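S.K.: PDB, C-alpha atoms, pLDDT in the B column, saved as data-v1.pdb, coming up:
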```pdb
ATOM      1  CA  MET M1295     -67.536 157.956  72.124  1.00 88.00           C
ATOM      2  CA  LEU M1296     -64.709 157.449  69.670  1.00 91.00           C
ATOM      3  CA  GLY M1297     -66.438 154.898  67.449  1.00 88.00           C
ATOM      4  CA  TYR M1298     -64.126 151.967  68.188  1.00 88.00           C
ATOM      5  CA  LEU M1299     -66.911 149.897  69.736  1.00 86.00           C
ATOM      6  CA  ASP M1300     -70.254 149.017  68.196  1.00 87.00           C
ATOM      7  CA  PRO M1301     -72.757 150.480  70.693  1.00 89.00           C
ATOM      8  CA  ASP M1302     -75.454 148.031  69.579  1.00 89.00           C
ATOM      9  CA  ASN M1303     -73.266 144.933  69.828  1.00 86.00           C
ATOM     10  CA  PHE M1304     -71.388 145.419  73.097  1.00 83.00           C
ATOM     11  CA  LEU M1305     -70.853 142.168  75.037  1.00 80.00           C
ATOM     12  CA  GLY M1306     -72.013 140.223  72.003  1.00 80.00           C
ATOM     13  CA  GLY M1307     -75.217 142.227  71.807  1.00 85.00           C
ATOM     14  CA  ARG M1308     -76.210 141.650  75.437  1.00 89.00           C
ATOM     15  CA  MET M1309     -75.713 145.327  76.268  1.00 89.00           C
ATOM     16  CA  THR M1310     -76.289 148.557  74.402  1.00 91.00           C
ATOM     17  CA  LEU M1311     -73.992 151.512  75.002  1.00 92.00           C
ATOM     18  CA  ASP M1312     -75.628 154.909  75.422  1.00 93.00           C
ATOM     19  CA  ARG M1313     -73.596 157.558  73.589  1.00 91.00           C
ATOM     20  CA  ASP M1314     -75.652 160.413  75.075  1.00 93.00           C
ATOM     21  CA  LEU M1315     -74.933 159.284  78.637  1.00 94.00           C
ATOM     22  CA  ALA M1316     -71.237 158.957  77.783  1.00 94.00           C
ATOM     23  CA  LEU M1317     -71.280 162.487  76.337  1.00 94.00           C
ATOM     24  CA  LYS M1318     -72.863 163.862  79.507  1.00 95.00           C
ATOM     25  CA  ALA M1319     -70.369 162.095  81.774  1.00 95.00           C
ATOM     26  CA  LEU M1320     -67.382 163.278  79.750  1.00 96.00           C
ATOM     27  CA  ALA M1321     -68.796 166.811  79.546  1.00 96.00           C
ATOM     28  CA  ARG M1322     -68.836 166.927  83.368  1.00 95.00           C
ATOM     29  CA  VAL M1323     -65.137 166.101  83.335  1.00 94.00           C
ATOM     30  CA  GLY M1324     -64.346 168.451  80.465  1.00 96.00           C
ATOM     31  CA  ASP M1325     -66.309 171.547  81.522  1.00 95.00           C
ATOM     32  CA  PRO M1326     -63.973 172.578  84.360  1.00 95.00           C
ATOM     33  CA  LEU M1327     -61.019 172.015  82.017  1.00 94.00           C
ATOM     34  CA  GLY M1328     -62.524 173.951  79.126  1.00 96.00           C
ATOM     35  CA  MET M1329     -62.636 170.793  76.989  1.00 96.00           C
ATOM     36  CA  GLU M1330     -65.373 169.259  74.854  1.00 96.00           C
ATOM     37  CA  ALA M1331     -66.543 165.721  75.714  1.00 95.00           C
ATOM     38  CA  GLU M1332     -64.868 164.317  72.587  1.00 95.00           C
ATOM     39  CA  GLU M1333     -61.545 165.931  73.553  1.00 96.00           C
ATOM     40  CA  VAL M1334     -61.770 164.301  76.982  1.00 96.00           C
ATOM     41  CA  ALA M1335     -62.474 160.918  75.376  1.00 96.00           C
ATOM     42  CA  VAL M1336     -59.476 161.279  73.055  1.00 96.00           C
ATOM     43  CA  GLY M1337     -57.279 162.332  75.985  1.00 96.00           C
ATOM     44  CA  ILE M1338     -58.340 159.366  78.081  1.00 96.00           C
ATOM     45  CA  PHE M1339     -57.767 157.001  75.172  1.00 95.00           C
ATOM     46  CA  ARG M1340     -54.276 158.401  74.523  1.00 96.00           C
ATOM     47  CA  ILE M1341     -53.313 158.197  78.198  1.00 96.00           C
ATOM     48  CA  ILE M1342     -54.467 154.564  78.402  1.00 94.00           C
ATOM     49  CA  ASN M1343     -52.504 153.639  75.271  1.00 95.00           C
ATOM     50  CA  ALA M1344     -49.384 155.466  76.446  1.00 95.00           C
ATOM     51  CA  HIS M1345     -49.594 153.714  79.822  1.00 94.00           C
ATOM     52  CA  MET M1346     -49.918 150.300  78.145  1.00 92.00           C
ATOM     53  CA  ALA M1347     -46.950 151.080  75.861  1.00 93.00           C
ATOM     54  CA  ASP M1348     -44.865 152.131  78.874  1.00 93.00           C
ATOM     55  CA  LEU M1349     -45.725 148.938  80.768  1.00 91.00           C
ATOM     56  CA  ILE M1350     -44.808 146.779  77.791  1.00 90.00           C
ATOM     57  CA  ARG M1351     -41.546 148.650  77.263  1.00 89.00           C
ATOM     58  CA  LYS M1352     -40.702 148.329  80.950  1.00 88.00           C
ATOM     59  CA  SER M1353     -41.414 144.594  81.144  1.00 86.00           C
ATOM     60  CA  THR M1354     -39.628 143.701  77.909  1.00 88.00           C
ATOM     61  CA  VAL M1355     -36.571 145.875  78.420  1.00 87.00           C
ATOM     62  CA  GLU M1356     -36.164 144.644  82.020  1.00 82.00           C
ATOM     63  CA  GLN M1357     -35.915 141.105  80.640  1.00 84.00           C
ATOM     64  CA  GLY M1358     -33.409 142.133  77.982  1.00 88.00           C
ATOM     65  CA  HIS M1359     -35.829 142.170  75.035  1.00 88.00           C
ATOM     66  CA  ASP M1360     -36.291 144.929  72.496  1.00 90.00           C
ATOM     67  CA  PRO M1361     -40.052 145.412  71.960  1.00 87.00           C
ATOM     68  CA  ARG M1362     -39.318 146.413  68.361  1.00 88.00           C
ATOM     69  CA  GLU M1363     -38.225 142.816  67.745  1.00 88.00           C
ATOM     70  CA  CYS M1364     -41.344 141.271  69.263  1.00 86.00           C
ATOM     71  CA  VAL M1365     -44.758 140.286  68.009  1.00 88.00           C
ATOM     72  CA  LEU M1366     -47.476 141.873  70.123  1.00 89.00           C
ATOM     73  CA  ILE M1367     -50.318 139.462  70.928  1.00 86.00           C
ATOM     74  CA  ALA M1368     -53.426 141.405  71.893  1.00 87.00           C
ATOM     75  CA  TYR M1369     -55.976 139.785  74.178  1.00 83.00           C
ATOM     76  CA  GLY M1370     -58.489 140.654  76.847  1.00 81.00           C
ATOM     77  CA  GLY M1371     -61.741 142.557  76.630  1.00 77.00           C
ATOM     78  CA  ALA M1372     -60.309 145.764  75.186  1.00 83.00           C
ATOM     79  CA  GLY M1373     -56.812 144.629  74.194  1.00 85.00           C
ATOM     80  CA  PRO M1374     -57.497 144.465  70.455  1.00 87.00           C
ATOM     81  CA  THR M1375     -59.108 147.925  70.536  1.00 88.00           C
ATOM     82  CA  HIS M1376     -55.918 149.481  71.879  1.00 92.00           C
ATOM     83  CA  ALA M1377     -53.246 147.216  70.347  1.00 92.00           C
ATOM     84  CA  ALA M1378     -52.815 149.102  67.076  1.00 90.00           C
ATOM     85  CA  PHE M1379     -52.134 152.300  69.011  1.00 94.00           C
ATOM     86  CA  TYR M1380     -49.743 151.090  71.708  1.00 93.00           C
ATOM     87  CA  GLY M1381     -48.228 148.583  69.280  1.00 92.00           C
ATOM     88  CA  ARG M1382     -47.211 151.477  67.054  1.00 92.00           C
ATOM     89  CA  ASP M1383     -45.854 153.350  70.091  1.00 93.00           C
ATOM     90  CA  ILE M1384     -43.568 150.469  71.088  1.00 92.00           C
ATOM     91  CA  GLY M1385     -42.602 149.793  67.479  1.00 91.00           C
ATOM     92  CA  ALA M1386     -43.853 146.190  67.483  1.00 90.00           C
ATOM     93  CA  LYS M1387     -42.951 144.536  64.198  1.00 87.00           C
ATOM     94  CA  GLN M1388     -46.311 142.753  64.083  1.00 90.00           C
ATOM     95  CA  ILE M1389     -49.581 142.672  66.011  1.00 91.00           C
ATOM     96  CA  MET M1390     -51.480 139.402  66.324  1.00 89.00           C
ATOM     97  CA  ILE M1391     -55.127 139.327  67.349  1.00 88.00           C
ATOM     98  CA  LEU M1392     -56.455 135.833  67.930  1.00 82.00           C
ATOM     99  CA  PRO M1393     -60.039 134.965  66.922  1.00 82.00           C
ATOM    100  CA  ARG M1394     -61.180 134.656  70.557  1.00 80.00           C
ATOM    101  CA  SER M1395     -58.800 137.263  71.909  1.00 80.00           C
ATOM    102  CA  THR M1396     -61.400 139.089  73.984  1.00 76.00           C
ATOM    103  CA  ALA M1397     -61.985 135.970  76.092  1.00 78.00           C
ATOM    104  CA  PHE M1398     -58.390 134.704  75.985  1.00 75.00           C
ATOM    105  CA  SER M1399     -57.221 135.723  79.470  1.00 73.00           C
ATOM    106  CA  ALA M1400     -60.537 134.792  81.122  1.00 75.00           C
ATOM    107  CA  GLU M1401     -60.513 131.419  79.372  1.00 75.00           C
ATOM    108  CA  GLY M1402     -56.956 130.805  80.509  1.00 72.00           C
ATOM    109  CA  MET M1403     -57.840 131.647  84.083  1.00 70.00           C
ATOM    110  CA  LEU M1404     -60.835 129.299  83.994  1.00 77.00           C
ATOM    111  CA  THR M1405     -58.987 126.361  82.429  1.00 78.00           C
ATOM    112  CA  CYS M1406     -55.633 126.457  84.236  1.00 72.00           C
ATOM    113  CA  ASP M1407     -54.619 124.603  87.334  1.00 76.00           C
ATOM    114  CA  VAL M1408     -55.261 126.345  90.640  1.00 75.00           C
ATOM    115  CA  VAL M1409     -52.662 129.012  91.292  1.00 74.00           C
ATOM    116  CA  HIS M1410     -52.137 131.208  94.340  1.00 78.00           C
ATOM    117  CA  THR M1411     -49.679 134.017  94.699  1.00 78.00           C
ATOM    118  CA  ALA M1412     -48.318 136.100  97.520  1.00 84.00           C
ATOM    119  CA  GLN M1413     -46.245 139.214  97.370  1.00 84.00           C
ATOM    120  CA  GLY M1414     -44.276 141.485  99.599  1.00 82.00           C
ATOM    121  CA  ALA M1415     -41.932 144.407  99.366  1.00 81.00           C
ATOM    122  CA  ARG M1416     -38.614 145.271 100.951  1.00 81.00           C
ATOM    123  CA  PHE M1417     -36.372 148.217 100.272  1.00 78.00           C
ATOM    124  CA  VAL M1418     -32.832 147.071  99.587  1.00 75.00           C
ATOM    125  CA  GLY M1419     -30.106 149.620  99.110  1.00 74.00           C
ATOM    126  CA  ALA M1420     -26.934 149.403  97.145  1.00 73.00           C
ATOM    127  CA  PRO M1421     -24.636 147.654  97.539  1.00 78.00           C
ATOM    128  CA  PHE M1422     -26.561 144.418  98.195  1.00 76.00           C
ATOM    129  CA  THR M1423     -25.211 142.808 101.386  1.00 83.00           C
ATOM    130  CA  ALA M1424     -25.288 139.347 102.922  1.00 87.00           C
ATOM    131  CA  ASP M1425     -27.774 140.676 105.507  1.00 89.00           C
ATOM    132  CA  ASP M1426     -30.041 141.805 102.657  1.00 84.00           C
ATOM    133  CA  PHE M1427     -29.863 138.317 101.180  1.00 84.00           C
ATOM    134  CA  VAL M1428     -30.778 136.741 104.531  1.00 90.00           C
ATOM    135  CA  ALA M1429     -33.722 139.125 104.976  1.00 90.00           C
ATOM    136  CA  LEU M1430     -35.005 138.529 101.436  1.00 88.00           C
ATOM    137  CA  SER M1431     -34.675 134.773 101.881  1.00 89.00           C
ATOM    138  CA  ALA M1432     -36.731 134.978 105.075  1.00 92.00           C
ATOM    139  CA  ASP M1433     -39.347 137.087 103.277  1.00 92.00           C
ATOM    140  CA  TYR M1434     -39.523 134.506 100.493  1.00 89.00           C
ATOM    141  CA  GLU M1435     -39.931 131.654 102.992  1.00 92.00           C
ATOM    142  CA  ARG M1436     -42.805 133.494 104.709  1.00 93.00           C
ATOM    143  CA  LEU M1437     -44.533 134.053 101.365  1.00 92.00           C
ATOM    144  CA  GLU M1438     -44.014 130.447 100.316  1.00 91.00           C
ATOM    145  CA  SER M1439     -45.362 129.250 103.673  1.00 92.00           C
ATOM    146  CA  ARG M1440     -48.449 131.448 103.293  1.00 92.00           C
ATOM    147  CA  VAL M1441     -49.226 130.026  99.826  1.00 89.00           C
ATOM    148  CA  ARG M1442     -48.591 126.439 100.926  1.00 89.00           C
ATOM    149  CA  ALA M1443     -50.938 126.948 103.885  1.00 91.00           C
ATOM    150  CA  GLN M1444     -53.609 128.265 101.539  1.00 90.00           C
ATOM    151  CA  PHE M1445     -53.273 125.179  99.331  1.00 86.00           C
ATOM    152  CA  ALA M1446     -53.408 122.942 102.423  1.00 89.00           C
ATOM    153  CA  ARG M1447     -56.621 124.617 103.626  1.00 89.00           C
ATOM    154  CA  GLU M1448     -58.107 123.811 100.211  1.00 87.00           C
ATOM    155  CA  GLY M1449     -56.973 120.188 100.378  1.00 84.00           C
ATOM    156  CA  THR M1450     -54.360 120.545  97.645  1.00 77.00           C
ATOM    157  CA  THR M1451     -50.831 119.247  98.117  1.00 68.00           C
ATOM    158  CA  THR M1452     -47.857 121.227  96.886  1.00 60.00           C
ATOM    159  CA  SER M1453     -44.223 120.573  96.250  1.00 59.00           C
ATOM    160  CA  SER M1454     -41.214 122.694  95.457  1.00 52.00           C
ATOM    161  CA  SER M1455     -39.949 120.414  92.692  1.00 41.00           C
ATOM    162  CA  PRO M1456     -41.283 117.732  90.331  1.00 36.00           C
ATOM    163  CA  ALA M1457     -39.062 115.115  91.994  1.00 35.00           C
ATOM    164  CA  ARG M1458     -40.446 115.958  95.424  1.00 35.00           C
ATOM    165  CA  SER M1459     -43.972 115.778  94.031  1.00 35.00           C
ATOM    166  CA  ALA M1460     -43.374 112.334  92.556  1.00 34.00           C
ATOM    167  CA  SER M1461     -41.891 110.983  95.795  1.00 32.00           C
ATOM    168  CA  ALA M1462     -44.750 112.480  97.836  1.00 34.00           C
ATOM    169  CA  THR M1463     -47.280 110.817  95.515  1.00 32.00           C
ATOM    170  CA  ALA M1464     -45.467 107.463  95.732  1.00 32.00           C
ATOM    171  CA  SER M1465     -45.327 107.790  99.520  1.00 32.00           C
ATOM    172  CA  ARG M1466     -49.081 108.395  99.749  1.00 33.00           C
ATOM    173  CA  ARG M1467     -49.799 105.385  97.531  1.00 33.00           C
ATOM    174  CA  THR M1468     -47.800 103.001  99.742  1.00 31.00           C
ATOM    175  CA  ARG M1469     -49.570 104.003 102.973  1.00 34.00           C
TER
END
```
So that I can check it, write out the structure of this file as structure tokens.

M.R.:
Amino acid sequence: MLGYLDPDNFLGGRMTLDRDLALKALARVGDPLGMEAEEVAVGIFRIINAHMADLIRKSTVEQGHDPRECVLIAYGGAGPTHAAFYGRDIGAKQIMILPRSTAFSAEGMLTCDVVHTAQGARFVGAPFTADDFVALSADYERLESRVRAQFAREGTTTSSSPARSASATASRRTR
């Protein structure tokens, strides 16, 4: 709709985008709001970029980094399309787009070692108490146990440290 993608060369030419269908879909959203399809497309695009900028600000500032001092590396299917916009919003000093940036995260996922994650949530008030620490430690142990069990079901051994891994490997070799 906005002209950022080549409708005849989407997915490396394996798919053609239909501008008329996009117009109709956006018109259905815009009609009740009194907006033209193009206005809806611009609004969606701006919201997406603002959300990405907010997420980057949040993650960098939480780790003590100023996003204005960072180089933004754009990757993923649509990352380079949006990077100039949210990069400007966060004040990135430079934006880097790698030659294969659209496949970067998928390639990384396909070529990395097997990784499993588990997550949980617990509300902890202030001030943080010893009981809170005990509860969080127990939560962590349950999550770690769940991931280790998943690796075990897949026939993969795990360790909590490189030293433990080396001793476990040596132990298996001597049996």

S.K.: Show which residues sit within 9 Å of Ile1350 of chain M, as a PDB file with C-alpha atoms, in the frame of the given file. Count all atoms listed in the file, and ignore same-chain residues fewer than 5 positions away.

M.R.:
```
ATOM      1  CA  HIS M1345     -49.594 153.714  79.822  1.00 94.00           C
ATOM      2  CA  VAL M1355     -36.571 145.875  78.420  1.00 87.00           C
ATOM      3  CA  PRO M1361     -40.052 145.412  71.960  1.00 87.00           C
ATOM      4  CA  TYR M1380     -49.743 151.090  71.708  1.00 93.00           C
ATOM      5  CA  ILE M1384     -43.568 150.469  71.088  1.00 92.00           C
TER       6      ILE M1384
END
```

S.K.: Which value, in Å to one decimal, gives the distance between atom CA of Asp1407 of chain M and atom CA of Gly1449 of chain M?

M.R.: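 So the two atoms, atom CA of Asp1407 of chain M and atom CA of Gly1449 of chain M, lie 14.0 Å apart.
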
S.K.: Mind pulling up the distance from atom CA of Asp1314 of chain M to atom CA of Ala1372 of chain M?

M.R.: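 Atom-to-atom, atom CA of Ala1372 of chain M to atom CA of Asp1314 of chain M, that is 21.2 Å.
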
S.K.: When the PyMOL selection byres ((chain M and resi 1297) around 12) is applied to the file above, which residues end up in the set, as a PyMOL selection string?

M.R.: chain M and resi 1295-1296+1298-1302+1311+1313+1332+1335-1336+1339+1375

S.K.: Measuring between all atoms listed in the file, which one of M:Leu1366, M:Met1346, M:Val1441, M:Ile1389 shows the shortest distance to Ala1412 of chain M?

M.R.: M:Val1441

S.K.: Could you tell me which residues the PyMOL selection byres ((chain M and resi 1410) around 12) returns for this structure, as an mmCIF file with C-alpha atoms, keeping the file's coordinate frame?

M.R.:
```cif
data_model
loop_
_atom_site.group_PDB
_atom_site.id
_atom_site.type_symbol
_atom_site.label_atom_id
_atom_site.label_comp_id
_atom_site.auth_asym_id
_atom_site.auth_seq_id
_atom_site.Cartn_x
_atom_site.Cartn_y
_atom_site.Cartn_z
ATOM 1 C CA MET M 1403 -57.840 131.647 84.083
ATOM 2 C CA CYS M 1406 -55.633 126.457 84.236
ATOM 3 C CA ASP M 1407 -54.619 124.603 87.334
ATOM 4 C CA VAL M 1408 -55.261 126.345 90.640
ATOM 5 C CA VAL M 1409 -52.662 129.012 91.292
ATOM 6 C CA THR M 1411 -49.679 134.017 94.699
ATOM 7 C CA ALA M 1412 -48.318 136.100 97.520
ATOM 8 C CA GLN M 1413 -46.245 139.214 97.370
ATOM 9 C CA LEU M 1437 -44.533 134.053 101.365
ATOM 10 C CA GLU M 1438 -44.014 130.447 100.316
ATOM 11 C CA SER M 1439 -45.362 129.250 103.673
ATOM 12 C CA ARG M 1440 -48.449 131.448 103.293
ATOM 13 C CA VAL M 1441 -49.226 130.026 99.826
ATOM 14 C CA ARG M 1442 -48.591 126.439 100.926
ATOM 15 C CA ALA M 1443 -50.938 126.948 103.885
ATOM 16 C CA GLN M 1444 -53.609 128.265 101.539
ATOM 17 C CA PHE M 1445 -53.273 125.179 99.331
ATOM 18 C CA ALA M 1446 -53.408 122.942 102.423
ATOM 19 C CA GLU M 1448 -58.107 123.811 100.211
ATOM 20 C CA THR M 1450 -54.360 120.545 97.645
ATOM 21 C CA THR M 1452 -47.857 121.227 96.886
#
```

S.K.: In Å, with one decimal, what is the gap from atom CA of Leu1317 of chain M to atom CA of Glu1333 of chain M?

M.R.: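 Spanning atom CA of Leu1317 of chain M to atom CA of Glu1333 of chain M is a straight-line distance of 10.7 Å.
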
S.K.: Apply the PyMOL selection byres ((chain M and resi 1334) around 12) to the displayed file and report the matching residues as an NGL selection string.

M.R.: :M and (1295-1296 or 1316-1333 or 1335-1341)

S.K.: Could those selected residues go to a file with C-alpha atoms, as a PDB file, keeping the file's coordinate frame?

M.R.:
```pdb
ATOM      1  CA  MET M1295     -67.536 157.956  72.124  1.00 88.00           C
ATOM      2  CA  LEU M1296     -64.709 157.449  69.670  1.00 91.00           C
ATOM      3  CA  ALA M1316     -71.237 158.957  77.783  1.00 94.00           C
ATOM      4  CA  LEU M1317     -71.280 162.487  76.337  1.00 94.00           C
ATOM      5  CA  LYS M1318     -72.863 163.862  79.507  1.00 95.00           C
ATOM      6  CA  ALA M1319     -70.369 162.095  81.774  1.00 95.00           C
ATOM      7  CA  LEU M1320     -67.382 163.278  79.750  1.00 96.00           C
ATOM      8  CA  ALA M1321     -68.796 166.811  79.546  1.00 96.00           C
ATOM      9  CA  ARG M1322     -68.836 166.927  83.368  1.00 95.00           C
ATOM     10  CA  VAL M1323     -65.137 166.101  83.335  1.00 94.00           C
ATOM     11  CA  GLY M1324     -64.346 168.451  80.465  1.00 96.00           C
ATOM     12  CA  ASP M1325     -66.309 171.547  81.522  1.00 95.00           C
ATOM     13  CA  PRO M1326     -63.973 172.578  84.360  1.00 95.00           C
ATOM     14  CA  LEU M1327     -61.019 172.015  82.017  1.00 94.00           C
ATOM     15  CA  GLY M1328     -62.524 173.951  79.126  1.00 96.00           C
ATOM     16  CA  MET M1329     -62.636 170.793  76.989  1.00 96.00           C
ATOM     17  CA  GLU M1330     -65.373 169.259  74.854  1.00 96.00           C
ATOM     18  CA  ALA M1331     -66.543 165.721  75.714  1.00 95.00           C
ATOM     19  CA  GLU M1332     -64.868 164.317  72.587  1.00 95.00           C
ATOM     20  CA  GLU M1333     -61.545 165.931  73.553  1.00 96.00           C
ATOM     21  CA  ALA M1335     -62.474 160.918  75.376  1.00 96.00           C
ATOM     22  CA  VAL M1336     -59.476 161.279  73.055  1.00 96.00           C
ATOM     23  CA  GLY M1337     -57.279 162.332  75.985  1.00 96.00           C
ATOM     24  CA  ILE M1338     -58.340 159.366  78.081  1.00 96.00           C
ATOM     25  CA  PHE M1339     -57.767 157.001  75.172  1.00 95.00           C
ATOM     26  CA  ARG M1340     -54.276 158.401  74.523  1.00 96.00           C
ATOM     27  CA  ILE M1341     -53.313 158.197  78.198  1.00 96.00           C
TER      28      ILE M1341
END
```

S.K.: Might you pull out every residue within 12 Å of Thr1396 of chain M, with all atoms listed in the file counted and same-chain residues fewer than 6 positions away left off, and present them as a ChimeraX atom specification?

M.R.: /M:1304-1306,1367-1376,1402

S.K.: Produce the centre coordinates and the three edge lengths, each in Å to one decimal, of the box along x, y and z that contains all listed atoms of segment 1392-1405 of chain M with 6 Å added on each side, as lines of an AutoDock Vina configuration file.

M.R.:
```
center_x = -59.2
center_y = 132.7
center_z = 75.5
size_x = 17.5
size_y = 24.7
size_z = 29.2
```

S.K.: List as a count of residues only the protein and nucleic acid residues near Ala1415 of chain M, meaning an atom at most 12 Å away when all atoms listed in the file are counted, but skip any in the same chain fewer than 5 places from it.

M.R.: 5
